file model.cif (mmCIF, C-alpha atoms)
data_target
#
loop_
_atom_site.group_PDB
_atom_site.id
_atom_site.type_symbol
_atom_site.label_atom_id
_atom_site.label_comp_id
_atom_site.auth_asym_id
_atom_site.auth_seq_id
_atom_site.Cartn_x
_atom_site.Cartn_y
_atom_site.Cartn_z
ATOM 1 C CA MET A 1 -27.375 10.527 -7.532
ATOM 2 C CA ALA A 2 -25.263 12.263 -4.915
ATOM 3 C CA PRO A 3 -23.051 15.196 -5.926
ATOM 4 C CA VAL A 4 -19.902 13.479 -4.595
ATOM 5 C CA LEU A 5 -18.954 10.114 -6.070
ATOM 6 C CA LEU A 6 -16.466 8.076 -4.040
ATOM 7 C CA VAL A 7 -14.906 5.317 -6.135
ATOM 8 C CA TYR A 8 -13.440 2.921 -3.564
ATOM 9 C CA ALA A 9 -10.940 0.276 -4.626
ATOM 10 C CA HIS A 10 -9.477 -1.961 -1.946
ATOM 11 C CA PRO A 11 -8.768 -5.548 -3.020
ATOM 12 C CA TYR A 12 -8.781 -6.807 0.585
ATOM 13 C CA PRO A 13 -11.258 -4.590 2.459
ATOM 14 C CA SER A 14 -11.594 -6.999 5.384
ATOM 15 C CA ARG A 15 -7.849 -6.622 6.041
ATOM 16 C CA SER A 16 -7.965 -2.855 5.826
ATOM 17 C CA ARG A 17 -7.895 -0.916 9.033
ATOM 18 C CA ALA A 18 -7.377 2.614 7.740
ATOM 19 C CA ASN A 19 -9.359 2.555 4.484
ATOM 20 C CA ARG A 20 -12.247 0.782 6.190
ATOM 21 C CA ALA A 21 -12.307 3.361 9.013
ATOM 22 C CA MET A 22 -12.161 6.205 6.508
ATOM 23 C CA LEU A 23 -14.958 4.742 4.414
ATOM 24 C CA GLU A 24 -17.143 4.114 7.470
ATOM 25 C CA ALA A 25 -16.551 7.711 8.602
ATOM 26 C CA VAL A 26 -18.204 9.131 5.480
ATOM 27 C CA ALA A 27 -20.773 6.432 4.682
ATOM 28 C CA ASP A 28 -23.573 8.348 6.400
ATOM 29 C CA LEU A 29 -23.046 11.568 4.429
ATOM 30 C CA GLU A 30 -26.066 11.915 2.141
ATOM 31 C CA ALA A 31 -24.161 13.911 -0.453
ATOM 32 C CA ILE A 32 -21.740 11.034 -1.054
ATOM 33 C CA ALA A 33 -22.403 7.958 -3.180
ATOM 34 C CA VAL A 34 -19.910 5.117 -2.724
ATOM 35 C CA ARG A 35 -19.057 2.684 -5.513
ATOM 36 C CA SER A 36 -16.947 -0.093 -3.997
ATOM 37 C CA LEU A 37 -15.326 -1.614 -7.064
ATOM 38 C CA TYR A 38 -14.142 -4.890 -5.524
ATOM 39 C CA ASP A 39 -17.631 -5.493 -4.111
ATOM 40 C CA LEU A 40 -19.349 -4.590 -7.385
ATOM 41 C CA TYR A 41 -16.923 -6.299 -9.756
ATOM 42 C CA PRO A 42 -15.037 -9.162 -8.075
ATOM 43 C CA ASP A 43 -14.584 -10.732 -11.502
ATOM 44 C CA PHE A 44 -13.398 -7.403 -13.035
ATOM 45 C CA GLY A 45 -16.480 -7.352 -15.304
ATOM 46 C CA ILE A 46 -17.157 -3.622 -15.037
ATOM 47 C CA ASP A 47 -20.588 -2.259 -15.945
ATOM 48 C CA VAL A 48 -19.214 0.643 -17.963
ATOM 49 C CA GLU A 49 -22.607 2.259 -18.531
ATOM 50 C CA ALA A 50 -23.420 2.286 -14.788
ATOM 51 C CA GLU A 51 -20.011 3.714 -13.922
ATOM 52 C CA GLN A 52 -20.233 6.416 -16.576
ATOM 53 C CA GLU A 53 -23.748 7.304 -15.441
ATOM 54 C CA ALA A 54 -22.522 7.713 -11.854
ATOM 55 C CA LEU A 55 -19.603 9.863 -12.998
ATOM 56 C CA ALA A 56 -21.786 12.044 -15.207
ATOM 57 C CA ALA A 57 -24.169 12.713 -12.313
ATOM 58 C CA ALA A 58 -21.422 13.709 -9.869
ATOM 59 C CA GLN A 59 -19.865 17.122 -9.382
ATOM 60 C CA ILE A 60 -16.875 15.819 -7.434
ATOM 61 C CA VAL A 61 -15.108 12.488 -7.948
ATOM 62 C CA VAL A 62 -13.022 10.865 -5.208
ATOM 63 C CA TRP A 63 -10.683 7.967 -5.940
ATOM 64 C CA GLN A 64 -9.888 6.178 -2.664
ATOM 65 C CA HIS A 65 -7.559 3.193 -2.406
ATOM 66 C CA PRO A 66 -4.377 1.865 -0.837
ATOM 67 C CA LEU A 67 -1.185 2.584 -2.778
ATOM 68 C CA TYR A 68 -0.165 -0.588 -4.655
ATOM 69 C CA TRP A 69 3.303 -0.706 -6.166
ATOM 70 C CA TYR A 70 3.329 3.083 -6.313
ATOM 71 C CA SER A 71 0.037 3.213 -8.167
ATOM 72 C CA VAL A 72 -3.609 2.200 -7.996
ATOM 73 C CA PRO A 73 -4.868 -1.371 -7.377
ATOM 74 C CA GLY A 74 -5.453 -3.497 -10.468
ATOM 75 C CA LEU A 75 -9.239 -3.143 -10.575
ATOM 76 C CA LEU A 76 -9.078 0.647 -10.376
ATOM 77 C CA LYS A 77 -6.561 0.693 -13.241
ATOM 78 C CA HIS A 78 -8.920 -1.559 -15.208
ATOM 79 C CA TRP A 79 -11.794 0.803 -14.311
ATOM 80 C CA PHE A 80 -9.762 3.742 -15.687
ATOM 81 C CA ASP A 81 -9.138 1.788 -18.913
ATOM 82 C CA LYS A 82 -12.781 0.762 -19.419
ATOM 83 C CA VAL A 83 -14.677 3.785 -18.071
ATOM 84 C CA LEU A 84 -12.533 6.825 -18.890
ATOM 85 C CA VAL A 85 -12.702 6.360 -22.644
ATOM 86 C CA ARG A 86 -12.581 8.585 -25.720
ATOM 87 C CA GLY A 87 -15.946 10.133 -26.419
ATOM 88 C CA PHE A 88 -16.886 10.078 -22.732
ATOM 89 C CA ALA A 89 -13.929 11.348 -20.711
ATOM 90 C CA PHE A 90 -11.733 12.888 -23.411
ATOM 91 C CA GLY A 91 -11.460 13.457 -27.149
ATOM 92 C CA GLU A 92 -14.272 14.500 -29.449
ATOM 93 C CA GLY A 93 -17.488 14.590 -27.426
ATOM 94 C CA GLY A 94 -15.635 13.470 -24.308
ATOM 95 C CA THR A 95 -16.701 16.256 -21.993
ATOM 96 C CA GLN A 96 -18.562 14.337 -19.277
ATOM 97 C CA LEU A 97 -15.863 14.957 -16.663
ATOM 98 C CA ARG A 98 -14.705 18.388 -17.747
ATOM 99 C CA GLY A 99 -14.728 20.843 -14.857
ATOM 100 C CA LYS A 100 -15.519 18.241 -12.198
ATOM 101 C CA ARG A 101 -13.257 18.260 -9.176
ATOM 102 C CA CYS A 102 -11.131 15.195 -8.437
ATOM 103 C CA LEU A 103 -9.739 14.195 -5.063
ATOM 104 C CA TRP A 104 -7.200 11.399 -4.769
ATOM 105 C CA VAL A 105 -7.318 9.642 -1.391
ATOM 106 C CA THR A 106 -4.682 7.032 -0.737
ATOM 107 C CA THR A 107 -3.122 5.141 2.126
ATOM 108 C CA THR A 108 0.433 3.877 2.267
ATOM 109 C CA GLY A 109 2.125 1.135 4.244
ATOM 110 C CA GLY A 110 5.236 3.223 4.819
ATOM 111 C CA ASP A 111 5.343 6.215 7.101
ATOM 112 C CA GLU A 112 6.052 9.702 5.790
ATOM 113 C CA GLN A 113 9.819 9.246 6.302
ATOM 114 C CA ALA A 114 9.738 6.196 4.006
ATOM 115 C CA PHE A 115 8.572 8.523 1.231
ATOM 116 C CA SER A 116 11.652 10.750 1.234
ATOM 117 C CA GLU A 117 15.040 10.706 -0.462
ATOM 118 C CA PRO A 118 16.762 8.846 2.401
ATOM 119 C CA GLY A 119 13.697 6.640 2.958
ATOM 120 C CA ILE A 120 13.070 3.153 1.628
ATOM 121 C CA HIS A 121 11.092 4.472 -1.369
ATOM 122 C CA ALA A 122 13.781 7.091 -2.195
ATOM 123 C CA HIS A 123 11.232 9.670 -3.346
ATOM 124 C CA PRO A 124 8.652 11.932 -1.772
ATOM 125 C CA MET A 125 5.014 10.924 -2.123
ATOM 126 C CA SER A 126 4.594 13.665 -4.719
ATOM 127 C CA ALA A 127 6.765 11.592 -7.097
ATOM 128 C CA PHE A 128 4.035 8.942 -7.239
ATOM 129 C CA THR A 129 1.184 11.361 -7.890
ATOM 130 C CA PRO A 130 1.675 12.172 -11.616
ATOM 131 C CA PRO A 131 -0.114 9.171 -13.202
ATOM 132 C CA VAL A 132 -3.304 9.704 -11.189
ATOM 133 C CA HIS A 133 -3.089 13.481 -11.484
ATOM 134 C CA GLN A 134 -2.576 13.221 -15.247
ATOM 135 C CA ALA A 135 -5.580 10.894 -15.629
ATOM 136 C CA ALA A 136 -7.764 13.530 -13.972
ATOM 137 C CA ARG A 137 -6.158 16.359 -15.925
ATOM 138 C CA PHE A 138 -6.496 14.548 -19.265
ATOM 139 C CA CYS A 139 -10.225 14.180 -18.557
ATOM 140 C CA GLY A 140 -10.489 17.931 -17.922
ATOM 141 C CA MET A 141 -10.979 17.559 -14.190
ATOM 142 C CA THR A 142 -9.774 20.000 -11.544
ATOM 143 C CA TRP A 143 -7.180 18.369 -9.297
ATOM 144 C CA GLU A 144 -7.636 18.784 -5.555
ATOM 145 C CA GLU A 145 -4.786 18.503 -3.060
ATOM 146 C CA PRO A 146 -4.531 14.725 -2.391
ATOM 147 C CA PHE A 147 -5.377 13.210 0.978
ATOM 148 C CA VAL A 148 -2.637 10.768 1.990
ATOM 149 C CA LEU A 149 -2.618 8.662 5.136
ATOM 150 C CA HIS A 150 0.849 7.190 5.711
ATOM 151 C CA GLY A 151 1.650 4.056 7.724
ATOM 152 C CA ALA A 152 -1.891 2.724 7.427
ATOM 153 C CA HIS A 153 -1.194 -0.718 8.860
ATOM 154 C CA LYS A 154 0.844 0.462 11.828
ATOM 155 C CA ILE A 155 -0.660 3.818 12.766
ATOM 156 C CA ASP A 156 -1.812 3.795 16.389
ATOM 157 C CA ALA A 157 -5.511 4.025 17.225
ATOM 158 C CA ALA A 158 -5.412 7.658 18.386
ATOM 159 C CA ALA A 159 -3.528 8.840 15.289
ATOM 160 C CA LEU A 160 -5.863 6.851 13.038
ATOM 161 C CA ALA A 161 -8.908 8.389 14.737
ATOM 162 C CA SER A 162 -7.414 11.847 14.180
ATOM 163 C CA GLU A 163 -6.762 11.125 10.493
ATOM 164 C CA VAL A 164 -10.262 9.709 10.043
ATOM 165 C CA LYS A 165 -11.731 12.895 11.555
ATOM 166 C CA ARG A 166 -9.566 14.984 9.210
ATOM 167 C CA TYR A 167 -10.825 12.917 6.274
ATOM 168 C CA ARG A 168 -14.453 13.294 7.345
ATOM 169 C CA ARG A 169 -14.034 17.081 7.631
ATOM 170 C CA ARG A 170 -12.512 17.190 4.147
ATOM 171 C CA MET A 171 -15.370 15.141 2.698
ATOM 172 C CA GLU A 172 -18.001 17.199 4.549
ATOM 173 C CA SER A 173 -16.457 20.338 3.093
ATOM 174 C CA LEU A 174 -16.527 18.899 -0.428
ATOM 175 C CA ALA A 175 -20.120 17.782 0.039
ATOM 176 C CA ARG A 176 -21.179 21.263 1.218
ATOM 177 C CA GLU A 177 -19.431 22.875 -1.739
ATOM 178 C CA ALA A 178 -21.050 20.444 -4.166
ATOM 179 C CA GLN A 179 -24.506 21.177 -2.801
ATOM 180 C CA LYS A 180 -24.229 24.951 -3.311
#
call {"tool": "encode", "arguments": {"input": "model.cif", "output": "structure tokens"}}
result
Amino acid sequence: MAPVLLVYAHPYPSRSRANRAMLEAVADLEAIAVRSLYDLYPDFGIDVEAEQEALAAAQIVVWQHPLYWYSVPGLLKHWFDKVLVRGFAFGEGGTQLRGKRCLWVTTTGGDEQAFSEPGIHAHPMSAFTPPVHQAARFCGMTWEEPFVLHGAHKIDAAALASEVKRYRRRMESLAREAQK
């Protein structure tokens, strides 16, 4: 198993421009194992043992997805419910994730201005972070500064390429740190 586990959850990957480009940008990194939930579990029938085994083997966990109704897509929420359970991720004996680093990677449809008090969403992006941050924290994980790409469906090609390069550098850095 690779030291960095990227749990990818996009319900419509063929329609994704930004998430697809980001995923393709890191797919060749040997230190990263990708688990594409919608490819693995289109019927939501999660193989809990396989997912827990992948998590236990990793040093760093990355949750990558588009922001859906200010949260994670349905299958990733289901994955949290089924995989991050008492005795594995928290509670008595639930130490499998303790001390592992967690990076939240998300894309939004709105630009950065949309995620501000005067914007359409009326709150900064940081207002939508707590549920995901708390899931990691409750499991004893170390929270990394999230990677957010705003305006995913309308970002121009040059800006997207720049963001994808920034993402690759961030993932390369995590992979190097995990391999030390």
call {"tool": "resolve_selection", "arguments": {"input": "model.cif", "expression": "the PyMOL selection byres ((chain A and resi 77) around 12)", "output": "PDB file with C-alpha atoms, in the frame of the given file"}}
result
ATOM      1  CA  VAL A   7     -14.906   5.317  -6.135  1.00  0.00           C
ATOM      2  CA  ALA A   9     -10.940   0.276  -4.626  1.00  0.00           C
ATOM      3  CA  HIS A  10      -9.477  -1.961  -1.946  1.00  0.00           C
ATOM      4  CA  LEU A  37     -15.326  -1.614  -7.064  1.00  0.00           C
ATOM      5  CA  PHE A  44     -13.398  -7.403 -13.035  1.00  0.00           C
ATOM      6  CA  ILE A  46     -17.157  -3.622 -15.037  1.00  0.00           C
ATOM      7  CA  TRP A  63     -10.683   7.967  -5.940  1.00  0.00           C
ATOM      8  CA  HIS A  65      -7.559   3.193  -2.406  1.00  0.00           C
ATOM      9  CA  LEU A  67      -1.185   2.584  -2.778  1.00  0.00           C
ATOM     10  CA  TYR A  68      -0.165  -0.588  -4.655  1.00  0.00           C
ATOM     11  CA  SER A  71       0.037   3.213  -8.167  1.00  0.00           C
ATOM     12  CA  VAL A  72      -3.609   2.200  -7.996  1.00  0.00           C
ATOM     13  CA  PRO A  73      -4.868  -1.371  -7.377  1.00  0.00           C
ATOM     14  CA  GLY A  74      -5.453  -3.497 -10.468  1.00  0.00           C
ATOM     15  CA  LEU A  75      -9.239  -3.143 -10.575  1.00  0.00           C
ATOM     16  CA  LEU A  76      -9.078   0.647 -10.376  1.00  0.00           C
ATOM     17  CA  HIS A  78      -8.920  -1.559 -15.208  1.00  0.00           C
ATOM     18  CA  TRP A  79     -11.794   0.803 -14.311  1.00  0.00           C
ATOM     19  CA  PHE A  80      -9.762   3.742 -15.687  1.00  0.00           C
ATOM     20  CA  ASP A  81      -9.138   1.788 -18.913  1.00  0.00           C
ATOM     21  CA  LYS A  82     -12.781   0.762 -19.419  1.00  0.00           C
ATOM     22  CA  VAL A  83     -14.677   3.785 -18.071  1.00  0.00           C
ATOM     23  CA  LEU A  84     -12.533   6.825 -18.890  1.00  0.00           C
ATOM     24  CA  PRO A 131      -0.114   9.171 -13.202  1.00  0.00           C
ATOM     25  CA  VAL A 132      -3.304   9.704 -11.189  1.00  0.00           C
ATOM     26  CA  ALA A 135      -5.580  10.894 -15.629  1.00  0.00           C
TER      27      ALA A 135
END
call {"tool": "closest_residue", "arguments": {"input": "model.cif", "among": "A:Tyr8, A:Ala178, A:Trp69, A:Ala18", "to": "His121 of chain A", "atoms": "all atoms listed in the file"}}
result
A:Trp69
call {"tool": "atom_distance", "arguments": {"input": "model.cif", "atom1": "atom CA of Thr106 of chain A", "atom2": "atom CA of Gln64 of chain A"}}
result
5.6 Å
call {"tool": "resolve_selection", "arguments": {"input": "model.cif", "expression": "the PyMOL selection byres ((chain A and resi 163) around 10)", "output": "ChimeraX atom specification"}}
result
/A:18,21-22,147-150,155,157-162,164-169
call {"tool": "atom_distance", "arguments": {"input": "model.cif", "atom1": "atom CA of Ser116 of chain A", "atom2": "atom CA of Val62 of chain A"}}
result
25.5 Å
call {"tool": "resolve_selection", "arguments": {"input": "model.cif", "expression": "the PyMOL selection byres ((chain A and resi 146) around 9)", "output": "short mmCIF file (atom, residue, chain, number, x, y, z; two decimals) with C-alpha atoms, keeping the file's coordinate frame"}}
result
data_model
loop_
_atom_site.label_atom_id
_atom_site.label_comp_id
_atom_site.auth_asym_id
_atom_site.auth_seq_id
_atom_site.Cartn_x
_atom_site.Cartn_y
_atom_site.Cartn_z
CA CYS A 102 -11.13 15.20 -8.44
CA LEU A 103 -9.74 14.20 -5.06
CA TRP A 104 -7.20 11.40 -4.77
CA VAL A 105 -7.32 9.64 -1.39
CA THR A 106 -4.68 7.03 -0.74
CA THR A 129 1.18 11.36 -7.89
CA TRP A 143 -7.18 18.37 -9.30
CA GLU A 144 -7.64 18.78 -5.56
CA GLU A 145 -4.79 18.50 -3.06
CA PHE A 147 -5.38 13.21 0.98
CA VAL A 148 -2.64 10.77 1.99
#
call {"tool": "closest_residue", "arguments": {"input": "model.cif", "among": "A:Tyr70, A:Ser14, A:Phe88, A:Arg98", "to": "His123 of chain A", "atoms": "all atoms listed in the file"}}
result
A:Tyr70
call {"tool": "closest_residue", "arguments": {"input": "model.cif", "among": "A:Ala25, A:Met125, A:Val48, A:Met171", "to": "Gln113 of chain A", "atoms": "all atoms listed in the file"}}
result
A:Met125
call {"tool": "atom_distance", "arguments": {"input": "model.cif", "atom1": "atom CA of Arg35 of chain A", "atom2": "atom CA of Lys180 of chain A"}}
result
23.0 Å
call {"tool": "closest_residue", "arguments": {"input": "model.cif", "among": "A:Ala122, A:Val85, A:Val61, A:Ala33", "to": "Glu49 of chain A", "atoms": "all atoms listed in the file"}}
result
A:Val85
call {"tool": "axis_aligned_box", "arguments": {"input": "model.cif", "around": "segment 67-72 of chain A", "padding_each_side": "8 Å", "output": "lines of an AutoDock Vina configuration file"}}
result
center_x = -0.1
center_y = 1.3
center_z = -5.5
size_x = 22.9
size_y = 19.9
size_z = 21.4
call {"tool": "closest_residue", "arguments": {"input": "model.cif", "among": "A:Pro118, A:Pro3, A:Gly110, A:Gly140", "to": "Pro66 of chain A", "atoms": "all atoms listed in the file"}}
result
A:Gly110
call {"tool": "closest_atom_pairs", "arguments": {"input": "model.cif", "of": "segment 64-120 of chain A", "to": "segment 54-60 of chain A", "cutoff": "9 Å", "atoms": "only C-alpha atoms", "output": "CSV"}}
result
residue,atom,partner,partner_atom,distance
A:Gln96,CA,A:Ala56,CA,5.7
A:Leu97,CA,A:Ala56,CA,6.8
A:Gly99,CA,A:Gln59,CA,8.4
A:Lys100,CA,A:Gln59,CA,5.3
A:Arg101,CA,A:Ile60,CA,4.7
A:Cys102,CA,A:Ile60,CA,5.9
A:Leu103,CA,A:Ile60,CA,7.7
call {"tool": "closest_residue", "arguments": {"input": "model.cif", "among": "A:Asp111, A:Asp39, A:Leu5, A:Arg170", "to": "Asp156 of chain A", "atoms": "all atoms listed in the file"}}
result
A:Asp111
